[in-house]
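One file, model.cif, is given below (mmCIF, C-alpha atoms and all ligand atoms).
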data_coords
#
loop_
_atom_site.label_atom_id
_atom_site.label_comp_id
_atom_site.auth_asym_id
_atom_site.auth_seq_id
_atom_site.Cartn_x
_atom_site.Cartn_y
_atom_site.Cartn_z
CA MET F 1 192.41 111.49 144.28
CA LYS F 2 194.45 108.43 145.01
CA LEU F 3 198.22 108.06 145.25
CA GLY F 4 199.99 104.72 145.44
CA ILE F 5 203.14 104.40 147.54
CA VAL F 6 205.60 101.96 145.97
CA GLY F 7 209.24 101.04 146.51
CA LEU F 8 211.46 98.11 147.43
CA PRO F 9 211.07 96.51 150.88
CA ASN F 10 212.76 98.34 153.79
CA VAL F 11 213.01 101.71 152.11
CA GLY F 12 210.59 103.46 154.49
CA LYS F 13 207.18 103.06 152.83
CA SER F 14 205.38 101.95 155.97
CA THR F 15 207.11 104.64 158.01
CA LEU F 16 205.85 107.27 155.58
CA PHE F 17 202.44 105.66 155.42
CA ASN F 18 202.22 105.63 159.23
CA ALA F 19 202.99 109.34 159.26
CA ILE F 20 200.13 109.79 156.82
CA THR F 21 197.65 107.84 158.91
CA ASN F 22 198.80 109.55 162.12
CA ALA F 23 198.19 112.93 160.55
CA GLY F 24 195.08 111.34 159.08
CA ALA F 25 191.89 113.16 158.27
CA GLU F 26 189.01 112.10 160.46
CA SER F 27 187.47 109.26 158.56
CA ALA F 28 184.06 109.99 160.11
CA ASN F 29 183.81 112.91 157.70
CA TYR F 30 184.40 110.67 154.73
CA PRO F 31 181.78 107.96 154.52
CA PHE F 32 183.19 106.75 151.21
CA CYS F 33 186.41 105.80 152.99
CA THR F 34 186.34 102.06 153.48
CA ILE F 35 188.22 100.65 156.44
CA ASP F 36 191.28 99.28 154.77
CA PRO F 37 194.59 99.17 156.64
CA ASN F 38 196.44 99.98 153.45
CA VAL F 39 194.50 103.15 152.75
CA GLY F 40 195.20 106.43 154.54
CA MET F 41 193.42 109.73 154.11
CA VAL F 42 195.20 112.98 154.69
CA ALA F 43 193.74 116.47 154.82
CA VAL F 44 195.02 118.99 152.28
CA PRO F 45 196.38 121.92 154.31
CA ASP F 46 194.59 125.11 153.29
CA GLU F 47 194.96 128.40 155.18
CA ARG F 48 191.95 129.79 153.33
CA LEU F 49 189.69 127.13 154.77
CA ASP F 50 191.11 127.79 158.24
CA LYS F 51 190.36 131.49 157.86
CA LEU F 52 186.81 130.86 156.66
CA ALA F 53 186.20 128.54 159.61
CA GLU F 54 187.46 131.28 161.91
CA MET F 55 185.01 133.76 160.37
CA TYR F 56 181.95 131.50 160.19
CA GLN F 57 182.50 129.25 163.21
CA PRO F 58 180.70 126.46 161.32
CA ASP F 59 179.38 123.23 162.82
CA LYS F 60 181.74 121.38 160.52
CA LYS F 61 185.02 122.21 158.83
CA THR F 62 185.90 119.76 156.08
CA PRO F 63 189.22 119.94 154.27
CA ALA F 64 189.87 118.38 150.90
CA VAL F 65 191.56 115.00 151.24
CA ILE F 66 194.06 112.88 149.38
CA GLU F 67 194.00 109.13 149.64
CA PHE F 68 197.28 107.23 149.93
CA VAL F 69 197.52 103.51 149.31
CA ASP F 70 200.45 101.56 150.71
CA ILE F 71 201.38 99.16 147.96
CA ALA F 72 203.87 96.95 149.76
CA GLY F 73 205.37 93.86 148.24
CA LEU F 74 206.49 95.13 144.87
CA VAL F 75 209.75 93.22 144.48
CA LYS F 76 212.02 92.00 141.73
CA GLY F 77 210.03 89.52 139.63
CA ALA F 78 206.63 91.01 140.48
CA SER F 79 205.68 91.27 136.81
CA LYS F 80 206.31 87.53 136.52
CA GLY F 81 203.81 86.93 139.28
CA GLU F 82 206.38 86.47 142.05
CA GLY F 83 205.48 87.57 145.59
CA LEU F 84 201.84 88.18 144.71
CA GLY F 85 203.24 90.59 142.16
CA ASN F 86 200.27 90.81 139.88
CA LYS F 87 197.93 91.83 142.67
CA PHE F 88 200.22 94.73 143.52
CA LEU F 89 200.48 95.81 139.93
CA ALA F 90 196.67 95.79 139.74
CA ASN F 91 196.57 98.01 142.85
CA ILE F 92 198.91 100.49 141.21
CA ARG F 93 196.71 100.56 138.13
CA GLU F 94 193.88 102.04 140.22
CA THR F 95 195.87 105.06 141.36
CA ASP F 96 196.12 108.54 139.80
CA ALA F 97 199.81 108.92 140.54
CA ILE F 98 202.71 107.08 142.13
CA VAL F 99 204.89 108.04 145.07
CA HIS F 100 208.04 106.03 144.55
CA VAL F 101 209.93 105.85 147.86
CA VAL F 102 213.67 105.45 147.42
CA ARG F 103 216.05 104.53 150.22
CA CYS F 104 218.62 107.28 150.63
CA PHE F 105 219.92 106.37 154.06
CA ASP F 106 222.52 103.91 155.36
CA ASP F 107 221.70 101.86 158.42
CA GLU F 108 223.32 98.51 159.03
CA ASN F 109 220.47 97.59 161.33
CA VAL F 110 217.98 97.87 158.50
CA ILE F 111 218.63 95.16 155.96
CA HIS F 112 218.70 96.29 152.36
CA VAL F 113 217.14 93.64 150.13
CA GLU F 114 219.76 94.28 147.47
CA GLY F 115 222.66 94.46 149.91
CA SER F 116 223.55 98.15 149.80
CA THR F 117 222.11 101.63 149.42
CA ASP F 118 222.00 102.42 145.70
CA PRO F 119 219.11 104.64 144.64
CA ARG F 120 219.80 104.33 140.92
CA ARG F 121 219.73 100.52 140.99
CA ASP F 122 216.66 100.47 143.27
CA ILE F 123 214.69 102.81 141.05
CA ASP F 124 215.66 100.71 138.06
CA ILE F 125 214.42 97.49 139.68
CA ILE F 126 210.99 98.93 140.44
CA ASN F 127 210.69 100.73 137.12
CA MET F 128 211.65 97.60 135.18
CA GLU F 129 208.87 95.63 136.90
CA LEU F 130 206.41 98.30 135.85
CA VAL F 131 207.83 98.38 132.32
CA MET F 132 207.52 94.59 132.03
CA ALA F 133 203.88 94.73 133.10
CA ASP F 134 203.26 97.49 130.55
CA LEU F 135 205.07 95.60 127.85
CA GLU F 136 202.70 92.68 128.29
CA MET F 137 199.71 95.00 127.96
CA VAL F 138 201.08 96.75 124.90
CA GLN F 139 201.88 93.43 123.22
CA ARG F 140 198.27 92.38 123.68
CA ARG F 141 197.10 95.71 122.29
CA VAL F 142 199.27 95.29 119.20
CA GLU F 143 197.89 91.78 118.66
CA LYS F 144 194.31 92.98 119.01
CA ALA F 145 194.80 95.91 116.65
CA THR F 146 196.59 93.69 114.13
CA LYS F 147 193.60 91.36 114.10
CA ALA F 148 191.18 94.27 113.72
CA LEU F 149 193.30 95.60 110.86
CA LYS F 150 192.30 92.63 108.73
CA GLY F 151 188.72 93.88 108.75
CA ASP F 152 189.33 97.63 108.80
CA LYS F 153 192.29 99.64 107.48
CA LYS F 154 191.77 102.42 110.02
CA PHE F 155 193.55 100.30 112.65
CA GLN F 156 196.86 100.71 110.81
CA HIS F 157 197.75 103.82 112.82
CA GLU F 158 197.00 102.09 116.12
CA VAL F 159 199.20 99.16 115.13
CA ASP F 160 202.02 101.54 114.20
CA VAL F 161 201.82 103.62 117.37
CA PHE F 162 201.67 100.67 119.75
CA THR F 163 204.40 98.79 117.87
CA ALA F 164 206.67 101.81 118.27
CA LEU F 165 205.75 102.03 121.95
CA GLN F 166 206.45 98.32 122.35
CA LYS F 167 209.94 98.85 120.98
CA HIS F 168 210.44 101.77 123.36
CA LEU F 169 209.41 99.69 126.38
CA ASP F 170 211.43 96.74 125.15
CA GLY F 171 214.50 98.94 125.38
CA GLY F 172 213.81 99.33 129.10
CA ASN F 173 212.22 102.77 128.76
CA LEU F 174 209.17 104.17 130.55
CA ALA F 175 205.97 104.87 128.59
CA ARG F 176 205.97 108.46 129.87
CA THR F 177 209.28 109.14 128.11
CA PHE F 178 207.92 108.00 124.72
CA ALA F 179 208.09 110.96 122.35
CA CYS F 180 204.94 111.45 120.27
CA ASP F 181 202.36 114.07 119.30
CA GLU F 182 199.23 114.92 121.26
CA ASP F 183 196.89 112.68 119.27
CA ASP F 184 199.11 109.65 119.69
CA ALA F 185 199.53 110.44 123.38
CA ALA F 186 195.74 110.47 123.71
CA LEU F 187 195.57 107.11 121.94
CA ILE F 188 198.21 105.63 124.23
CA ALA F 189 196.37 107.02 127.26
CA THR F 190 193.43 104.74 126.37
CA SER F 191 195.56 101.84 127.61
CA ASP F 192 196.02 101.92 131.34
CA LEU F 193 199.81 101.82 131.51
CA LEU F 194 201.67 101.96 134.83
CA THR F 195 204.69 103.84 133.53
CA LEU F 196 202.45 106.51 132.07
CA LYS F 197 201.36 107.61 135.53
CA PRO F 198 202.93 110.73 136.96
CA VAL F 199 205.56 110.01 139.59
CA ILE F 200 206.99 111.70 142.63
CA TYR F 201 210.28 110.19 143.71
CA ALA F 202 210.34 110.49 147.50
CA ALA F 203 213.99 110.36 148.50
CA ASN F 204 213.89 109.01 152.05
CA THR F 205 216.97 110.40 153.78
CA ASP F 206 218.15 110.30 157.37
CA GLU F 207 218.24 113.52 159.37
CA ALA F 208 221.85 114.34 158.57
CA GLY F 209 221.28 113.67 154.88
CA PHE F 210 218.20 115.85 154.89
CA ALA F 211 220.12 118.75 156.44
CA ASP F 212 222.64 118.84 153.59
CA LEU F 213 220.92 117.74 150.40
CA GLU F 214 223.46 119.40 148.18
CA HIS F 215 226.18 117.01 149.33
CA ASN F 216 223.85 114.04 149.70
CA GLN F 217 224.98 111.75 146.89
CA TYR F 218 221.97 109.48 147.26
CA TYR F 219 219.52 112.34 146.96
CA GLN F 220 221.43 113.79 144.02
CA GLN F 221 221.18 110.44 142.19
CA VAL F 222 217.42 110.40 142.63
CA LYS F 223 217.15 114.03 141.56
CA ALA F 224 219.15 113.37 138.38
CA ILE F 225 216.83 110.50 137.43
CA ALA F 226 213.69 112.52 138.17
CA ASP F 227 215.00 115.50 136.17
CA ALA F 228 215.89 113.33 133.19
CA GLU F 229 212.39 111.92 132.89
CA ASP F 230 210.64 115.13 133.90
CA SER F 231 209.30 113.65 137.13
CA GLN F 232 209.15 115.28 140.54
CA VAL F 233 211.61 114.66 143.35
CA LEU F 234 210.88 115.27 147.00
CA PRO F 235 213.40 114.87 149.80
CA ILE F 236 211.72 113.53 152.88
CA CYS F 237 212.78 112.06 156.20
CA ALA F 238 210.11 109.49 156.86
CA LYS F 239 211.23 108.81 160.42
CA MET F 240 210.99 112.50 161.29
CA GLU F 241 207.61 112.73 159.59
CA GLN F 242 206.29 110.12 161.97
CA ASP F 243 207.12 112.40 164.90
CA ILE F 244 205.82 115.53 163.19
CA ALA F 245 202.54 113.84 162.30
CA GLU F 246 201.74 113.30 165.97
CA LEU F 247 201.79 117.03 166.64
CA GLU F 248 199.24 119.71 165.85
CA GLY F 249 198.91 123.50 165.81
CA GLU F 250 201.45 125.49 167.85
CA GLU F 251 203.34 122.40 168.93
CA LYS F 252 203.85 121.34 165.35
CA LEU F 253 205.01 124.81 164.33
CA MET F 254 207.52 124.91 167.18
CA PHE F 255 208.89 121.49 166.29
CA LEU F 256 209.24 122.44 162.62
CA GLU F 257 211.04 125.61 163.64
CA GLU F 258 213.45 123.58 165.74
CA LEU F 259 214.16 121.43 162.71
CA GLY F 260 214.65 124.54 160.63
CA VAL F 261 211.94 123.74 158.09
CA GLU F 262 208.81 125.68 157.20
CA GLU F 263 206.44 122.83 156.61
CA SER F 264 206.32 119.10 157.09
CA GLY F 265 207.39 116.73 154.35
CA LEU F 266 203.86 115.43 154.27
CA ASP F 267 202.51 118.90 153.50
CA ARG F 268 205.14 119.27 150.78
CA LEU F 269 204.15 115.87 149.40
CA ILE F 270 200.51 116.93 149.24
CA LYS F 271 201.34 120.23 147.53
CA CYS F 272 203.60 118.42 145.09
CA SER F 273 200.81 115.92 144.27
CA TYR F 274 198.36 118.78 143.69
CA ALA F 275 200.74 120.45 141.26
CA LEU F 276 201.64 117.18 139.56
CA LEU F 277 198.02 116.28 138.89
CA GLY F 278 196.96 119.82 138.01
CA LEU F 279 194.54 120.09 140.91
CA ILE F 280 193.05 123.16 142.57
CA SER F 281 190.55 123.75 145.39
CA PHE F 282 187.38 125.76 145.57
CA LEU F 283 185.58 126.59 148.79
CA THR F 284 182.02 126.49 150.06
CA TYR F 285 181.14 128.38 153.23
CA GLY F 286 178.36 128.95 155.74
CA LYS F 287 177.28 128.43 159.34
CA ASP F 288 176.73 124.71 158.87
CA GLU F 289 179.89 123.83 156.99
CA CYS F 290 183.03 125.33 155.53
CA ARG F 291 184.61 123.01 153.07
CA ALA F 292 187.37 122.71 150.46
CA TRP F 293 186.78 120.66 147.32
CA THR F 294 189.34 119.27 144.90
CA ILE F 295 188.92 119.68 141.15
CA LYS F 296 191.13 119.49 138.08
CA LYS F 297 192.30 122.84 136.72
CA GLY F 298 189.96 123.80 133.88
CA THR F 299 186.80 122.32 135.44
CA LYS F 300 183.65 124.26 134.59
CA ALA F 301 181.11 125.37 137.20
CA PRO F 302 178.47 122.63 136.67
CA GLN F 303 181.05 119.84 136.92
CA ALA F 304 182.57 121.45 140.01
CA ALA F 305 179.04 121.50 141.47
CA GLY F 306 178.82 117.81 140.62
CA LYS F 307 181.60 117.16 143.12
CA ILE F 308 179.19 118.27 145.83
CA HIS F 309 176.15 116.46 144.48
CA SER F 310 175.03 115.18 141.09
CA ASP F 311 171.65 116.94 141.62
CA ILE F 312 173.39 120.32 141.76
CA GLU F 313 175.19 119.58 138.51
CA ARG F 314 171.97 118.44 136.83
CA GLY F 315 169.89 121.41 138.01
CA PHE F 316 172.71 123.97 137.74
CA ILE F 317 171.44 127.53 137.23
CA ARG F 318 174.43 129.66 138.14
CA ALA F 319 177.36 129.99 140.50
CA GLU F 320 177.78 132.97 142.80
CA VAL F 321 181.49 133.45 143.09
CA ILE F 322 183.80 135.60 145.16
CA ALA F 323 187.55 135.18 144.88
CA TYR F 324 188.94 134.42 148.34
CA ASP F 325 191.57 137.16 148.00
CA ASP F 326 188.88 139.74 147.14
CA MET F 327 186.90 138.73 150.21
CA ILE F 328 189.97 139.05 152.44
CA ALA F 329 190.85 142.43 150.93
CA CYS F 330 187.33 143.68 151.73
CA GLY F 331 187.21 142.06 155.16
CA SER F 332 184.01 140.06 154.76
CA VAL F 333 181.66 138.52 152.23
CA ASN F 334 179.13 141.30 152.75
CA ALA F 335 181.73 144.02 152.23
CA ALA F 336 182.85 142.26 149.04
CA LYS F 337 179.25 142.09 147.86
CA GLU F 338 178.81 145.83 148.44
CA LYS F 339 181.84 146.47 146.27
CA GLY F 340 180.27 144.38 143.52
CA LEU F 341 182.85 141.62 143.80
CA LEU F 342 180.30 138.84 143.97
CA ARG F 343 179.98 137.56 140.42
CA SER F 344 177.17 135.57 138.92
CA GLU F 345 178.74 132.96 136.65
CA GLY F 346 177.14 130.59 134.15
CA LYS F 347 177.69 127.11 132.75
CA GLU F 348 180.88 127.99 130.88
CA TYR F 349 182.67 129.52 133.85
CA VAL F 350 185.96 127.83 134.64
CA VAL F 351 186.29 127.59 138.40
CA GLN F 352 189.50 129.10 139.79
CA ASP F 353 191.67 128.09 142.72
CA GLY F 354 190.36 129.77 145.87
CA ASP F 355 186.94 130.62 144.47
CA MET F 356 184.30 130.83 147.18
CA VAL F 357 181.23 129.43 145.50
CA TYR F 358 177.53 129.26 146.17
CA PHE F 359 175.64 127.20 143.59
CA ARG F 360 172.04 128.02 142.59
CA PHE F 361 170.20 125.06 141.18
CA ASN F 362 166.74 123.67 140.34
CA VAL F 363 165.65 120.68 142.33
P1 LIG T 1 209.07 99.42 154.01
O1 LIG T 1 209.39 97.97 153.97
O2 LIG T 1 209.49 100.13 152.78
O3 LIG T 1 207.67 99.71 154.38
O4 LIG T 1 210.03 100.04 155.13
P2 LIG T 1 209.70 100.49 156.62
O5 LIG T 1 208.98 101.78 156.64
O6 LIG T 1 209.10 99.35 157.37
O7 LIG T 1 211.15 100.76 157.14
C1 LIG T 1 212.10 99.73 157.30
C2 LIG T 1 213.01 100.09 158.45
O8 LIG T 1 213.77 101.23 158.09
C3 LIG T 1 212.27 100.43 159.71
O9 LIG T 1 212.96 99.84 160.79
C4 LIG T 1 212.37 101.94 159.79
O10 LIG T 1 212.38 102.41 161.11
C5 LIG T 1 213.67 102.21 159.10
N1 LIG T 1 213.70 103.55 158.50
C6 LIG T 1 212.78 104.18 157.75
N2 LIG T 1 213.18 105.41 157.41
C7 LIG T 1 214.41 105.56 157.93
C8 LIG T 1 215.38 106.62 157.94
O11 LIG T 1 215.18 107.70 157.38
N3 LIG T 1 216.57 106.36 158.60
C9 LIG T 1 216.81 105.18 159.23
N4 LIG T 1 217.98 105.00 159.84
N5 LIG T 1 215.92 104.20 159.27
C10 LIG T 1 214.74 104.37 158.63
#
Turn the structure described in the file into structure tokens.
Amino acid sequence: MKLGIVGLPNVGKSTLFNAITNAGAESANYPFCTIDPNVGMVAVPDERLDKLAEMYQPDKKTPAVIEFVDIAGLVKGASKGEGLGNKFLANIRETDAIVHVVRCFDDENVIHVEGSTDPRRDIDIINMELVMADLEMVQRRVEKATKALKGDKKFQHEVDVFTALQKHLDGGNLARTFACDEDDAALIATSDLLTLKPVIYAANTDEAGFADLEHNQYYQQVKAIADAEDSQVLPICAKMEQDIAELEGEEKLMFLEELGVEESGLDRLIKCSYALLGLISFLTYGKDECRAWTIKKGTKAPQAAGKIHSDIERGFIRAEVIAYDDMIACGSVNAAKEKGLLRSEGKEYVVQDGDMVYFRFNV
């Protein structure tokens, strides 16, 4: 899973991204991770995996990871190709979701590119660039469908839907706020639109602003916008996150306690992304490795197996499943087995969050 971090210059993107890379998952475990300074991997915190590792003392403990891409340089005029704009827009296209960092702090030492702190205006600037890029795509789609219509009447519906969407975007609206039925939404999803992607607005506050969100006008502005378009909002103090990310274990817990928060903003961001994208984790366990794997809610057993290896998906026979909570209630895997809580599941089984799975397959 890949999240793109966007926002105007000087809003705290790099600060947040540095926190992510400091807390970073060990890239040695992830051979697919190319060395790219703009890409950071972060481990998905999972107490269940920690507990399994405690029980099995495996050679390797491998958490699920989320990839963050720092997409700097999105500025006013990007959709017109200014400031390498098109390259950045192409980078955003490759992500599953967007973290839109919004400046919610005042600091005269940190220049604001638009002159003052104004979350509503800033969000608008970025969103309008994305809308403009989408508008161009939708226009091309309408032209293509109109041409195809000459040869085949069935394209009429496509022309109608995309013409209506074009009008919507033209009015400065985001594709994700376009009201339509499920079939039309599926049709629109076949075009890779930027403003269709799910968004988390990360309101980057200073420490004082973070301590009193209710009276933080900047944060409240961001929240109102997020609520109106059914997006997520996450208050975060990027500067503080940088410090937190350098700590681990007990030290981290103590620091968080001092700050009066239960978990780091980064952990909240990860959880929020999981929920936003409808993701869950299943677990594999043993002496050699305990590992968490990310799947979409609703994934069936063979496809979940495919996350581990395509051979396991191809040769899938069955999945031996114990719910993590059942195992904990019994005290061990063996005790759970004795109670008959190990289930043998077939091809149609929908894997659940926290399932401990052992796949049987033909080689
Ligand atoms: P980017 O251009 O969006 O990547 O912004 P940066 O992360 O480079 O941040 C720009 C400047 O703002 C840096 O000097 C940061 O230290 C500062 N900054 C980031 N977050 C905060 C914050 O919460 N409060 C204050 N006062 N400064 C911050």
Legend entry - Expected selection as an NGL selection string for ligand LIG 1 (chain T) within 12 Å, all atoms listed in the file: :F and (5-20 or 38 or 69-75 or 99-113 or 117 or 122 or 202-210 or 235-243)
Kindly export the residues of the current selection with C-alpha atoms, as an mmCIF file, keeping the file's coordinate frame.
data_model
loop_
_atom_site.group_PDB
_atom_site.id
_atom_site.type_symbol
_atom_site.label_atom_id
_atom_site.label_comp_id
_atom_site.auth_asym_id
_atom_site.auth_seq_id
_atom_site.Cartn_x
_atom_site.Cartn_y
_atom_site.Cartn_z
ATOM 1 C CA ILE F 5 203.140 104.400 147.540
ATOM 2 C CA VAL F 6 205.600 101.960 145.970
ATOM 3 C CA GLY F 7 209.240 101.040 146.510
ATOM 4 C CA LEU F 8 211.460 98.110 147.430
ATOM 5 C CA PRO F 9 211.070 96.510 150.880
ATOM 6 C CA ASN F 10 212.760 98.340 153.790
ATOM 7 C CA VAL F 11 213.010 101.710 152.110
ATOM 8 C CA GLY F 12 210.590 103.460 154.490
ATOM 9 C CA LYS F 13 207.180 103.060 152.830
ATOM 10 C CA SER F 14 205.380 101.950 155.970
ATOM 11 C CA THR F 15 207.110 104.640 158.010
ATOM 12 C CA LEU F 16 205.850 107.270 155.580
ATOM 13 C CA PHE F 17 202.440 105.660 155.420
ATOM 14 C CA ASN F 18 202.220 105.630 159.230
ATOM 15 C CA ALA F 19 202.990 109.340 159.260
ATOM 16 C CA ILE F 20 200.130 109.790 156.820
ATOM 17 C CA ASN F 38 196.440 99.980 153.450
ATOM 18 C CA VAL F 69 197.520 103.510 149.310
ATOM 19 C CA ASP F 70 200.450 101.560 150.710
ATOM 20 C CA ILE F 71 201.380 99.160 147.960
ATOM 21 C CA ALA F 72 203.870 96.950 149.760
ATOM 22 C CA GLY F 73 205.370 93.860 148.240
ATOM 23 C CA LEU F 74 206.490 95.130 144.870
ATOM 24 C CA VAL F 75 209.750 93.220 144.480
ATOM 25 C CA VAL F 99 204.890 108.040 145.070
ATOM 26 C CA HIS F 100 208.040 106.030 144.550
ATOM 27 C CA VAL F 101 209.930 105.850 147.860
ATOM 28 C CA VAL F 102 213.670 105.450 147.420
ATOM 29 C CA ARG F 103 216.050 104.530 150.220
ATOM 30 C CA CYS F 104 218.620 107.280 150.630
ATOM 31 C CA PHE F 105 219.920 106.370 154.060
ATOM 32 C CA ASP F 106 222.520 103.910 155.360
ATOM 33 C CA ASP F 107 221.700 101.860 158.420
ATOM 34 C CA GLU F 108 223.320 98.510 159.030
ATOM 35 C CA ASN F 109 220.470 97.590 161.330
ATOM 36 C CA VAL F 110 217.980 97.870 158.500
ATOM 37 C CA ILE F 111 218.630 95.160 155.960
ATOM 38 C CA HIS F 112 218.700 96.290 152.360
ATOM 39 C CA VAL F 113 217.140 93.640 150.130
ATOM 40 C CA THR F 117 222.110 101.630 149.420
ATOM 41 C CA ASP F 122 216.660 100.470 143.270
ATOM 42 C CA ALA F 202 210.340 110.490 147.500
ATOM 43 C CA ALA F 203 213.990 110.360 148.500
ATOM 44 C CA ASN F 204 213.890 109.010 152.050
ATOM 45 C CA THR F 205 216.970 110.400 153.780
ATOM 46 C CA ASP F 206 218.150 110.300 157.370
ATOM 47 C CA GLU F 207 218.240 113.520 159.370
ATOM 48 C CA ALA F 208 221.850 114.340 158.570
ATOM 49 C CA GLY F 209 221.280 113.670 154.880
ATOM 50 C CA PHE F 210 218.200 115.850 154.890
ATOM 51 C CA PRO F 235 213.400 114.870 149.800
ATOM 52 C CA ILE F 236 211.720 113.530 152.880
ATOM 53 C CA CYS F 237 212.780 112.060 156.200
ATOM 54 C CA ALA F 238 210.110 109.490 156.860
ATOM 55 C CA LYS F 239 211.230 108.810 160.420
ATOM 56 C CA MET F 240 210.990 112.500 161.290
ATOM 57 C CA GLU F 241 207.610 112.730 159.590
ATOM 58 C CA GLN F 242 206.290 110.120 161.970
ATOM 59 C CA ASP F 243 207.120 112.400 164.900
#
Which residues of stretch 226-249 of chain F have any atom within 12 Å of an atom in stretch 162-174 of chain F when counting all atoms listed in the file, and what is the closest pair of atoms for each, with the distance in Å to one decimal? Order the rows by chain and rising number and write it as CSV.
residue,atom,partner,partner_atom,distance
F:Ala228,CA,F:Leu174,CA,11.7
F:Glu229,CA,F:Leu174,CA,8.7
F:Asp230,CA,F:Leu174,CA,11.6
F:Ser231,CA,F:Leu174,CA,11.5
Given the selection you just returned, output its residues as a file containing C-alpha atoms, formatted as a PDB file, in the coordinates of the input.
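Listing of out02.pdb after writing:
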ATOM      1  CA  ALA F 228     215.890 113.330 133.190  1.00  0.00           C
ATOM      2  CA  GLU F 229     212.390 111.920 132.890  1.00  0.00           C
ATOM      3  CA  ASP F 230     210.640 115.130 133.900  1.00  0.00           C
ATOM      4  CA  SER F 231     209.300 113.650 137.130  1.00  0.00           C
TER       5      SER F 231
END
Legend entry - Å distance separating atom CA of F:Gly346 from atom CA of F:Phe361, one decimal place: 11.3 Å
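Atom CA of F:Lys76 sits 26.1 Å away from atom CA of F:Ile188.
The space between atom CA of F:Ala43 and atom CA of F:Pro302 spans 24.5 Å.
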Inset, instruction - Do a neighbour search on stretch 284-293 of chain F at 8 Å with only C-alpha atoms, toss out local chain neighbours closer than 2 positions, and write the hits as a list in words. - result: Leu49, Leu52, Ala53, Tyr56, Gln57, Pro58, Asp59, Lys60, Lys61, Thr62, Pro63, Ala64, Ser281, Phe282, Ile295, Lys307, Met356, Val357 and Tyr358 of chain F
Could you dump the residues just selected with C-alpha atoms as an mmCIF file, keeping the file's coordinate frame?
data_model
loop_
_atom_site.group_PDB
_atom_site.id
_atom_site.type_symbol
_atom_site.label_atom_id
_atom_site.label_comp_id
_atom_site.auth_asym_id
_atom_site.auth_seq_id
_atom_site.Cartn_x
_atom_site.Cartn_y
_atom_site.Cartn_z
ATOM 1 C CA LEU F 49 189.690 127.130 154.770
ATOM 2 C CA LEU F 52 186.810 130.860 156.660
ATOM 3 C CA ALA F 53 186.200 128.540 159.610
ATOM 4 C CA TYR F 56 181.950 131.500 160.190
ATOM 5 C CA GLN F 57 182.500 129.250 163.210
ATOM 6 C CA PRO F 58 180.700 126.460 161.320
ATOM 7 C CA ASP F 59 179.380 123.230 162.820
ATOM 8 C CA LYS F 60 181.740 121.380 160.520
ATOM 9 C CA LYS F 61 185.020 122.210 158.830
ATOM 10 C CA THR F 62 185.900 119.760 156.080
ATOM 11 C CA PRO F 63 189.220 119.940 154.270
ATOM 12 C CA ALA F 64 189.870 118.380 150.900
ATOM 13 C CA SER F 281 190.550 123.750 145.390
ATOM 14 C CA PHE F 282 187.380 125.760 145.570
ATOM 15 C CA ILE F 295 188.920 119.680 141.150
ATOM 16 C CA LYS F 307 181.600 117.160 143.120
ATOM 17 C CA MET F 356 184.300 130.830 147.180
ATOM 18 C CA VAL F 357 181.230 129.430 145.500
ATOM 19 C CA TYR F 358 177.530 129.260 146.170
#
Inset, instruction - For a cut-off of 10 Å around (188.4, 132.9, 137.0), file coordinates, pick out all residues using only C-alpha atoms and list them as a list in words. - result: Gly298, Val321, Ile322, Ala323, Glu345, Tyr349, Val350, Val351, Gln352, Asp353, Gly354 and Asp355 of chain F
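If all atoms listed in the file are the atoms counted, then among F:Lys300, F:Lys252, F:Arg121, F:Arg93 the closest residue to F:Gly4 is F:Arg93.
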Legend entry - Contact residues around F:Leu187 with all atoms listed in the file at 12 Å, ignoring same-chain residues under 3 positions, as a list of chain:residue names: F:Arg141, F:Phe155, F:His157, F:Glu158, F:Val159, F:Asp160, F:Val161, F:Phe162, F:Leu165, F:Cys180, F:Asp181, F:Glu182, F:Asp183, F:Asp184, F:Thr190, F:Ser191, F:Asp192, F:Leu193
Could you dump the residues just selected with C-alpha atoms as a PDB file, in the coordinates of the input?
ATOM      1  CA  ARG F 141     197.100  95.710 122.290  1.00  0.00           C
ATOM      2  CA  PHE F 155     193.550 100.300 112.650  1.00  0.00           C
ATOM      3  CA  HIS F 157     197.750 103.820 112.820  1.00  0.00           C
ATOM      4  CA  GLU F 158     197.000 102.090 116.120  1.00  0.00           C
ATOM      5  CA  VAL F 159     199.200  99.160 115.130  1.00  0.00           C
ATOM      6  CA  ASP F 160     202.020 101.540 114.200  1.00  0.00           C
ATOM      7  CA  VAL F 161     201.820 103.620 117.370  1.00  0.00           C
ATOM      8  CA  PHE F 162     201.670 100.670 119.750  1.00  0.00           C
ATOM      9  CA  LEU F 165     205.750 102.030 121.950  1.00  0.00           C
ATOM     10  CA  CYS F 180     204.940 111.450 120.270  1.00  0.00           C
ATOM     11  CA  ASP F 181     202.360 114.070 119.300  1.00  0.00           C
ATOM     12  CA  GLU F 182     199.230 114.920 121.260  1.00  0.00           C
ATOM     13  CA  ASP F 183     196.890 112.680 119.270  1.00  0.00           C
ATOM     14  CA  ASP F 184     199.110 109.650 119.690  1.00  0.00           C
ATOM     15  CA  THR F 190     193.430 104.740 126.370  1.00  0.00           C
ATOM     16  CA  SER F 191     195.560 101.840 127.610  1.00  0.00           C
ATOM     17  CA  ASP F 192     196.020 101.920 131.340  1.00  0.00           C
ATOM     18  CA  LEU F 193     199.810 101.820 131.510  1.00  0.00           C
TER      19      LEU F 193
END
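Around stretch 275-277 of chain F, within 9 Å and counting all atoms listed in the file, the residues found are Asp96, Ala97, Pro198, Val199, Ile200, Ser231, Gln232, Lys296 and Lys297 of chain F, once anything fewer than 6 positions away on its own chain is removed.
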